[in-house]
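S.K.: This is the structure I want to talk about, given as structure tokens.
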Amino acid sequence: MTTTTKLKIFNDPIYGFITIPNPLIFDLIAHPYFQRLRRISQMGLSYLVYPGAHHTRFHHALGSMHLMQKAVQVLRLKGVEITDDEEKGLYCAILLHDIGHGPFSHAMEHSIVEDTDHEYISLQFMETLNRTFNGSLTTAISIFKGRHKKNFLVQLVSSQLDMDRLDYLKRDSFYTGVAEGNINSERLISMLNVVGGNLVVEEKAIYSVEKFLIARRFMYWQVYLHKTGIVAEQLLIRILKRAKETLKGDQLRLCSEPLRFFMENKIARKDFDKNVLDTFAQLDDIDILSAIKVWQKSEDFVLSTLSTMLLNRRLLKVKLKNKPIAKAKIDKHFKRIREKYALSEQEAAYFVFTGEIENKAYDLGKQHINILRKNGKLVDVAKASDQLNLRALSNTVTKYYICFPKDSV
């Protein structure tokens, strides 16, 4: 592929100018697979809660790559060996780490394609692009899969303190206006080091790591697990499920071709060949929203009602509890909605349902965030911190929710 010299930098509201480090990255960004990310929202339907949250996966991928450039620079200055091929592999891996996200990011995961997460689809995209670019992504793929011999390279892309998290917390905080999530990513990156082949953080940055973990907890409760965002995502999942159940033949012609393909065919992980991948690559938020606008006029009461609710933000009522929802309470709402609208039990289940959400800011079961003491010893951040609540952040907090219609749907 020929590379034009027209575009060498992006102007980003978070970091200022982001430079494109090499021609391969330029060509990957220019590829239609990657350009699709401009049409995939980073935070799904969170804009129904935070009106500014309209940023995309495209923004996030570029931001993560920018932070990776900073990390490589810092580590090399500290004498850590990163070859040119490994550097290129890191940039490609972090740039493409989310390329497999479907419409509305996490909201429709396992929904468009059954039992298949975005990481698997990202890998399919990367392997296809590797063939297109004559094996240039081989190192990136080994890093992405966690199989590279230098473990710290893997940790820079995927760990509890990776460039992905450092970007999305800062970026999502900025676009939502939730100041509690604003972390000092520059400070954290400047204090990275490598000991025994693993990524560590120098002791001077311990307070920045603490703030990062606390900010992550705040962002999950206030933003990612916000109850209104949860009910909106659940409505979106149920709209697609109902459309798959009820729409046939001519009714599906009003959908875009890529969406119709996934509506008519039950696609699972084993079915993901090049044709399916190319069809998936044509699918974005616009396909889903335009379909929902059509479905609000559907003759099916459930599909039209759910579609209208989401478009007009007349969502179901949602209540969060610390204990599982009592069966009597669920039955009461079920009975009311069934009698009021003469619905079957299956139809009523689209309007009355329960679920649970979990939040764990720091996972002690995963690879730890190790603090490098001045004496050379490594200590887990939960032990090194004098913050008494940091250990509490490693506990899983579970909350339970029930969704049901207000007085009328």
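Scheme for the structure tokens: letters A, B, ... for chains in order shown; per-chain residue numbers from 1; ligand numbers from 1 in order shown.
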Excluding stretch 282-286 of chain A and its own-chain neighbours fewer than 6 positions away, which residues fall within 8 Å of it when counting only C-alpha atoms? Please give them as a PDB file with N, CA, C and O atoms, in the first residue's frame.

M.R.:
```pdb
ATOM      1  N   ARG A  36     -14.003   1.966  10.753  1.00  0.00           N
ATOM      2  CA  ARG A  36     -15.310   1.624  11.319  1.00  0.00           C
ATOM      3  C   ARG A  36     -15.433   2.070  12.774  1.00  0.00           C
ATOM      4  O   ARG A  36     -16.526   2.408  13.253  1.00  0.00           O
ATOM      5  N   ARG A  39     -17.419   4.892  14.060  1.00  0.00           N
ATOM      6  CA  ARG A  39     -18.883   4.765  14.135  1.00  0.00           C
ATOM      7  C   ARG A  39     -19.321   3.790  15.238  1.00  0.00           C
ATOM      8  O   ARG A  39     -20.434   3.298  15.232  1.00  0.00           O
ATOM      9  N   ILE A  40     -18.386   3.510  16.159  1.00  0.00           N
ATOM     10  CA  ILE A  40     -18.690   2.661  17.315  1.00  0.00           C
ATOM     11  C   ILE A  40     -18.466   3.494  18.578  1.00  0.00           C
ATOM     12  O   ILE A  40     -17.349   3.937  18.844  1.00  0.00           O
ATOM     13  N   SER A  41     -19.513   3.735  19.355  1.00  0.00           N
ATOM     14  CA  SER A  41     -19.352   4.578  20.546  1.00  0.00           C
ATOM     15  C   SER A  41     -18.528   3.855  21.602  1.00  0.00           C
ATOM     16  O   SER A  41     -18.669   2.646  21.795  1.00  0.00           O
ATOM     17  N   GLY A 102     -18.381  -4.657  18.563  1.00  0.00           N
ATOM     18  CA  GLY A 102     -19.556  -4.476  17.718  1.00  0.00           C
ATOM     19  C   GLY A 102     -20.262  -3.184  18.064  1.00  0.00           C
ATOM     20  O   GLY A 102     -19.762  -2.382  18.855  1.00  0.00           O
ATOM     21  N   PRO A 103     -21.435  -2.965  17.477  1.00  0.00           N
ATOM     22  CA  PRO A 103     -22.196  -1.740  17.753  1.00  0.00           C
ATOM     23  C   PRO A 103     -22.396  -1.506  19.249  1.00  0.00           C
ATOM     24  O   PRO A 103     -22.645  -2.439  20.006  1.00  0.00           O
ATOM     25  N   PHE A 104     -22.274  -0.267  19.669  1.00  0.00           N
ATOM     26  CA  PHE A 104     -22.453   0.160  21.056  1.00  0.00           C
ATOM     27  C   PHE A 104     -21.523  -0.574  22.021  1.00  0.00           C
ATOM     28  O   PHE A 104     -21.845  -0.783  23.189  1.00  0.00           O
ATOM     29  N   PRO A 258     -25.817  -5.706   6.353  1.00  0.00           N
ATOM     30  CA  PRO A 258     -25.007  -6.389   7.384  1.00  0.00           C
ATOM     31  C   PRO A 258     -25.844  -6.821   8.581  1.00  0.00           C
ATOM     32  O   PRO A 258     -25.682  -7.940   9.083  1.00  0.00           O
ATOM     33  N   LEU A 259     -26.756  -5.967   9.040  1.00  0.00           N
ATOM     34  CA  LEU A 259     -27.584  -6.324  10.192  1.00  0.00           C
ATOM     35  C   LEU A 259     -28.524  -7.466   9.832  1.00  0.00           C
ATOM     36  O   LEU A 259     -28.710  -8.394  10.622  1.00  0.00           O
TER      37      LEU A 259
END
```

S.K.: Env of A:Leu310: 9 Å cut, atoms = only C-alpha atoms, seq-sep filter 4 positions within chain, self excluded. Answer as a count of residues only.

M.R.: 8

S.K.: Check the DSSP output for the backbone and give back, as a VMD selection string, the residues of stretch 166-316 of chain A in strand (DSSP E or B).

M.R.: chain A and resid 192 to 195 198 to 202 268

S.K.: For stretch 58-70 of chain A, work out the shell of residues within 9 Å, counting only C-alpha atoms and skipping chain neighbours fewer than 4 positions away, then give it as an NGL selection string.

M.R.: :A and (10 or 12 or 14-15 or 18-21 or 29 or 34-42 or 74-75 or 87 or 90-99 or 156-157 or 162-168 or 171 or 185-186 or 189-190)

S.K.: How many Å lie between atom CA of A:Ala268 and atom CA of A:Asp115, rounded to one decimal?

M.R.: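 These two atoms are separated by 6.3 Å.
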
S.K.: Might you pull out every residue within 10 Å of stretch 375-385 of chain A, with only C-alpha atoms counted and same-chain residues fewer than 2 positions away left off, and present them as JSON, numbers by chain?

M.R.: {"A": [195, 200, 201, 202, 203, 206, 207, 209, 210, 362, 364, 367, 368, 369, 370, 371, 372, 373, 387, 388, 389, 390, 391, 392, 393, 394]}

S.K.: Would you mind telling me which residue in A:Leu254, A:Phe144, A:Trp295, A:Val302 lies nearest to A:Ser344 when using only C-alpha atoms?

M.R.: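 Selected residue with least distance to A:Ser344: A:Val302.
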
S.K.: Can you tell me, as a VMD selection string, what residues are no more than 8 Å from A:Leu45 when counting only C-alpha atoms, ignoring any on the same chain fewer than 2 positions away?

M.R.: chain A and resid 43 47 to 49 104 107 229 232 to 233

S.K.: Export all heavy atoms of the chosen residues as a PDB file, in the first residue's frame?

M.R.:
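Final output, selection23.pdb:
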```pdb
ATOM      1  N   MET A  43     -18.667   4.265  24.824  1.00  0.00           N
ATOM      2  CA  MET A  43     -19.377   3.979  26.067  1.00  0.00           C
ATOM      3  C   MET A  43     -20.832   3.562  25.836  1.00  0.00           C
ATOM      4  O   MET A  43     -21.693   3.781  26.687  1.00  0.00           O
ATOM      5  CB  MET A  43     -19.317   5.198  26.993  1.00  0.00           C
ATOM      6  CG  MET A  43     -17.911   5.486  27.483  1.00  0.00           C
ATOM      7  SD  MET A  43     -17.858   6.924  28.551  1.00  0.00           S
ATOM      8  CE  MET A  43     -18.924   6.403  29.885  1.00  0.00           C
ATOM      9  N   TYR A  47     -24.421   7.967  26.898  1.00  0.00           N
ATOM     10  CA  TYR A  47     -24.794   9.354  26.595  1.00  0.00           C
ATOM     11  C   TYR A  47     -26.230   9.658  27.025  1.00  0.00           C
ATOM     12  O   TYR A  47     -26.614  10.823  27.124  1.00  0.00           O
ATOM     13  CB  TYR A  47     -24.601   9.672  25.103  1.00  0.00           C
ATOM     14  CG  TYR A  47     -25.458   8.866  24.146  1.00  0.00           C
ATOM     15  CD1 TYR A  47     -26.778   9.224  23.894  1.00  0.00           C
ATOM     16  CD2 TYR A  47     -24.937   7.758  23.479  1.00  0.00           C
ATOM     17  CE1 TYR A  47     -27.567   8.495  23.022  1.00  0.00           C
ATOM     18  CE2 TYR A  47     -25.713   7.020  22.603  1.00  0.00           C
ATOM     19  CZ  TYR A  47     -27.023   7.398  22.382  1.00  0.00           C
ATOM     20  OH  TYR A  47     -27.807   6.665  21.509  1.00  0.00           O
ATOM     21  N   LEU A  48     -27.018   8.615  27.311  1.00  0.00           N
ATOM     22  CA  LEU A  48     -28.359   8.838  27.851  1.00  0.00           C
ATOM     23  C   LEU A  48     -28.297   9.309  29.305  1.00  0.00           C
ATOM     24  O   LEU A  48     -29.266   9.831  29.841  1.00  0.00           O
ATOM     25  CB  LEU A  48     -29.197   7.557  27.744  1.00  0.00           C
ATOM     26  CG  LEU A  48     -29.566   7.106  26.328  1.00  0.00           C
ATOM     27  CD1 LEU A  48     -30.275   5.755  26.357  1.00  0.00           C
ATOM     28  CD2 LEU A  48     -30.425   8.143  25.619  1.00  0.00           C
ATOM     29  N   VAL A  49     -27.147   9.093  29.939  1.00  0.00           N
ATOM     30  CA  VAL A  49     -26.922   9.567  31.313  1.00  0.00           C
ATOM     31  C   VAL A  49     -26.014  10.798  31.288  1.00  0.00           C
ATOM     32  O   VAL A  49     -26.309  11.817  31.911  1.00  0.00           O
ATOM     33  CB  VAL A  49     -26.264   8.471  32.178  1.00  0.00           C
ATOM     34  CG1 VAL A  49     -26.127   8.939  33.630  1.00  0.00           C
ATOM     35  CG2 VAL A  49     -27.042   7.165  32.096  1.00  0.00           C
ATOM     36  N   PHE A 104     -22.274  -0.267  19.669  1.00  0.00           N
ATOM     37  CA  PHE A 104     -22.453   0.160  21.056  1.00  0.00           C
ATOM     38  C   PHE A 104     -21.523  -0.574  22.021  1.00  0.00           C
ATOM     39  O   PHE A 104     -21.845  -0.783  23.189  1.00  0.00           O
ATOM     40  CB  PHE A 104     -23.915   0.026  21.487  1.00  0.00           C
ATOM     41  CG  PHE A 104     -24.816   0.980  20.765  1.00  0.00           C
ATOM     42  CD1 PHE A 104     -25.607   0.553  19.712  1.00  0.00           C
ATOM     43  CD2 PHE A 104     -24.849   2.318  21.109  1.00  0.00           C
ATOM     44  CE1 PHE A 104     -26.413   1.443  19.017  1.00  0.00           C
ATOM     45  CE2 PHE A 104     -25.653   3.220  20.428  1.00  0.00           C
ATOM     46  CZ  PHE A 104     -26.439   2.776  19.377  1.00  0.00           C
ATOM     47  N   ALA A 107     -22.377  -3.271  25.005  1.00  0.00           N
ATOM     48  CA  ALA A 107     -23.823  -3.510  25.120  1.00  0.00           C
ATOM     49  C   ALA A 107     -24.283  -4.702  24.290  1.00  0.00           C
ATOM     50  O   ALA A 107     -25.154  -5.460  24.712  1.00  0.00           O
ATOM     51  CB  ALA A 107     -24.594  -2.255  24.710  1.00  0.00           C
ATOM     52  N   GLY A 229     -27.765   3.602  32.696  1.00  0.00           N
ATOM     53  CA  GLY A 229     -27.017   3.012  31.591  1.00  0.00           C
ATOM     54  C   GLY A 229     -27.275   1.525  31.472  1.00  0.00           C
ATOM     55  O   GLY A 229     -27.398   0.978  30.361  1.00  0.00           O
ATOM     56  N   ALA A 232     -30.741   0.891  29.953  1.00  0.00           N
ATOM     57  CA  ALA A 232     -30.717   1.228  28.524  1.00  0.00           C
ATOM     58  C   ALA A 232     -30.048   0.107  27.725  1.00  0.00           C
ATOM     59  O   ALA A 232     -30.553  -0.306  26.667  1.00  0.00           O
ATOM     60  CB  ALA A 232     -29.988   2.551  28.306  1.00  0.00           C
ATOM     61  N   GLU A 233     -28.924  -0.414  28.228  1.00  0.00           N
ATOM     62  CA  GLU A 233     -28.237  -1.510  27.547  1.00  0.00           C
ATOM     63  C   GLU A 233     -29.106  -2.765  27.505  1.00  0.00           C
ATOM     64  O   GLU A 233     -29.162  -3.471  26.496  1.00  0.00           O
ATOM     65  CB  GLU A 233     -26.907  -1.822  28.245  1.00  0.00           C
ATOM     66  CG  GLU A 233     -25.837  -0.786  27.995  1.00  0.00           C
ATOM     67  CD  GLU A 233     -24.449  -1.267  28.383  1.00  0.00           C
ATOM     68  OE1 GLU A 233     -24.333  -2.381  28.951  1.00  0.00           O
ATOM     69  OE2 GLU A 233     -23.480  -0.535  28.114  1.00  0.00           O
TER      70      GLU A 233
END
```

S.K.: Nearest to A:Ile337 among A:Arg260, A:Lys406, A:Lys227, A:His55, with distances taken over only C-alpha atoms: which residue is it?

M.R.: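 Closest candidate: A:Lys406.
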
S.K.: Of the residues A:Glu127, A:Glu114, A:Arg57, A:Glu264, which is the one nearest to A:His101, using only C-alpha atoms?

M.R.: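 Nearest to A:His101: A:Arg57.
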
S.K.: Here is a test: counting only C-alpha atoms, which residue of A:Leu129, A:Leu343, A:Ile82, A:Val113 is nearest to A:Leu28?

M.R.: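 Looking only at the distances to A:Leu28, the closest residue turns out to be A:Leu129.
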